[in-house]
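All remarks here apply to the structure that follows.
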Amino acid sequence: MPVRSAPLEAVTAWLDQRVPQSEPELRYAAPWQLAVATILSAQCTDARVNQVTPALFARYPGPEAMAAADPLELEALIRPTGFFRAKSRHLIGCARRVVSEHGGRLPDSMDALLQLPGIGRKTANVILGNAFGRPAVIVDTHVRRVSRRLGLSRSNDPARIERELAGRFPPGEWTRRSQQLLLHGRYVCLARKPRCAECGLRNVCPWHRTCAAGQGKRGKR
């Protein structure tokens, strides 16, 4: 039997109440800075990235400076974010492509962004939705988990989840709603120990109803 999804009206009402401010937690002042911060955020918390980027942006304020960076110096600055050697290669490679192919300006299209080192579809959607104000559905591990638990998607494939969420919300809400789902997953609907008692969606959440029913059956044994 297909898993019913939580009523969309209830989901959006709770998200608007719980997560009214849906901007990314990464700090940035320009599209290029958001691209750099998002690349650094892979396998790293936004809080840690925000500790690193002030010194990083002071040393390399734009793609031109980053393109000419000494890899060892760059690695030292971003070491706390983890995977610093790979991230350094991505940042320098990305900066060089932005300078040589886009005149030093980060491109504002999905196709062009995906051609840049270190930028996948999730990162591109973060940039498009937040830095350029384009309709974009952001799908990370949190959005994938929350979408499946609420029945908004039954897929594990980020591309399919992106399409399904895009079909549930108007384009003008794509970025805000996916960012709200992301933050809800980061702070409430956790992977291992979800804080269901704090969640106003628990009574309409298919995943919670299944877990509660299972616990009830075990308690009767």
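So you can find residues: chains in the structure tokens are A, B, ... in the order shown, residues in each start at 1, and ligands are numbered from 1 in order.
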
So which residues touch segment 61-67 of chain A within 8 Å, counting only C-alpha atoms, skipping near sequence neighbours fewer than 4 positions away, as a ChimeraX atom specification? /A:32-33,56-57,91-96,98-99,104-105

Would you pick out the contacts of Ala35 of chain A at 10 Å or less, using only C-alpha atoms, so that residues sharing its chain but fewer than 6 positions from it are not included, and give the list as a PDB file with C-alpha atoms, in the first residue's frame?
ATOM      1  CA  TYR A  28      28.517  35.335   2.283  1.00  0.00           C
ATOM      2  CA  SER A  41      30.519  22.741   3.492  1.00  0.00           C
ATOM      3  CA  LEU A  91      38.395  25.987  -5.409  1.00  0.00           C
ATOM      4  CA  CYS A  94      36.684  26.627 -10.156  1.00  0.00           C
ATOM      5  CA  LEU A 106      30.161  33.412 -11.364  1.00  0.00           C
ATOM      6  CA  LEU A 113      27.616  26.092 -12.976  1.00  0.00           C
ATOM      7  CA  GLY A 118      33.532  21.222  -7.197  1.00  0.00           C
ATOM      8  CA  ILE A 119      29.990  22.249  -8.111  1.00  0.00           C
ATOM      9  CA  THR A 123      25.589  23.341  -4.836  1.00  0.00           C
ATOM     10  CA  ALA A 124      24.340  24.886  -8.070  1.00  0.00           C
ATOM     11  CA  VAL A 126      22.046  26.659  -3.475  1.00  0.00           C
ATOM     12  CA  ILE A 127      23.767  29.333  -5.560  1.00  0.00           C
ATOM     13  CA  LEU A 128      20.922  29.866  -8.024  1.00  0.00           C
ATOM     14  CA  ALA A 131      22.585  34.278  -4.677  1.00  0.00           C
TER      15      ALA A 131
END

Within 8 Å of segment 3-18 of chain A, which residues of segment 102-206 of chain A show up? Give each one with its shortest atom-to-atom distance in Å (one decimal) and the two atoms involved, counting only C-alpha atoms, rows by chain then rising residue number, as a tab-separated table.
residue	atom	partner	partner_atom	distance
A:Leu150	CA	A:Ala6	CA	5.4
A:Gly151	CA	A:Ser5	CA	3.9
A:Leu152	CA	A:Ser5	CA	5.6
A:Arg177	CA	A:Thr12	CA	7.7
A:Gln180	CA	A:Leu15	CA	6.2
A:Leu181	CA	A:Leu15	CA	7.5
A:His184	CA	A:Leu15	CA	7.7
A:Gly200	CA	A:Trp14	CA	6.5
A:Leu201	CA	A:Val11	CA	6.9
A:Val204	CA	A:Ala6	CA	5.3
A:Cys205	CA	A:Ala6	CA	5.5
A:Pro206	CA	A:Ser5	CA	6.6

Output of the above residues as a JSON list (two decimals), in the first residue's frame, restricted to N, CA and C atoms:
[["chain", "number", "residue", "atom", "x", "y", "z"],
["A", 150, "LEU", "N", 8.09, 12.45, 5.47],
["A", 150, "LEU", "CA", 6.79, 13.10, 5.33],
["A", 150, "LEU", "C", 5.98, 12.56, 4.17],
["A", 151, "GLY", "N", 6.59, 11.68, 3.38],
["A", 151, "GLY", "CA", 5.89, 11.13, 2.23],
["A", 151, "GLY", "C", 5.83, 12.07, 1.04],
["A", 152, "LEU", "N", 6.64, 13.12, 1.05],
["A", 152, "LEU", "CA", 6.67, 14.04, -0.09],
["A", 152, "LEU", "C", 7.39, 13.42, -1.27],
["A", 177, "ARG", "N", 11.04, 26.67, 0.42],
["A", 177, "ARG", "CA", 10.52, 25.43, 0.99],
["A", 177, "ARG", "C", 11.62, 24.38, 1.16],
["A", 180, "GLN", "N", 13.69, 25.35, 4.07],
["A", 180, "GLN", "CA", 12.99, 25.07, 5.32],
["A", 180, "GLN", "C", 13.06, 23.59, 5.67],
["A", 181, "LEU", "N", 12.87, 22.73, 4.67],
["A", 181, "LEU", "CA", 12.98, 21.29, 4.91],
["A", 181, "LEU", "C", 14.39, 20.94, 5.37],
["A", 184, "HIS", "N", 14.76, 22.04, 8.99],
["A", 184, "HIS", "CA", 13.94, 21.17, 9.83],
["A", 184, "HIS", "C", 14.67, 19.84, 10.05],
["A", 200, "GLY", "N", 5.60, 19.75, 15.29],
["A", 200, "GLY", "CA", 4.18, 19.92, 15.13],
["A", 200, "GLY", "C", 3.59, 19.09, 14.01],
["A", 201, "LEU", "N", 4.43, 18.35, 13.29],
["A", 201, "LEU", "CA", 3.96, 17.50, 12.19],
["A", 201, "LEU", "C", 3.84, 16.04, 12.60],
["A", 204, "VAL", "N", 0.71, 14.04, 11.68],
["A", 204, "VAL", "CA", 0.38, 13.81, 10.26],
["A", 204, "VAL", "C", 1.56, 13.20, 9.51],
["A", 205, "CYS", "N", 2.63, 12.89, 10.23],
["A", 205, "CYS", "CA", 3.84, 12.36, 9.60],
["A", 205, "CYS", "C", 3.72, 10.85, 9.42],
["A", 206, "PRO", "N", 3.73, 10.34, 8.19],
["A", 206, "PRO", "CA", 3.61, 8.89, 7.98],
["A", 206, "PRO", "C", 4.70, 8.10, 8.68]]

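Going from atom CA of Ser100 of chain A over to atom CA of Val36 of chain A, you cover 17.3 Å.
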
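Among the candidates A:Cys196, A:Ala159, A:Ala136, A:Ile78, the one nearest to Ser178 of chain A when counting only C-alpha atoms is A:Ala136.
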
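You can rank A:Lys87, A:Arg209, A:Phe132, A:Asp70 by their closest distance to Pro107 of chain A using only C-alpha atoms, and at the top of that list sits A:Phe132.
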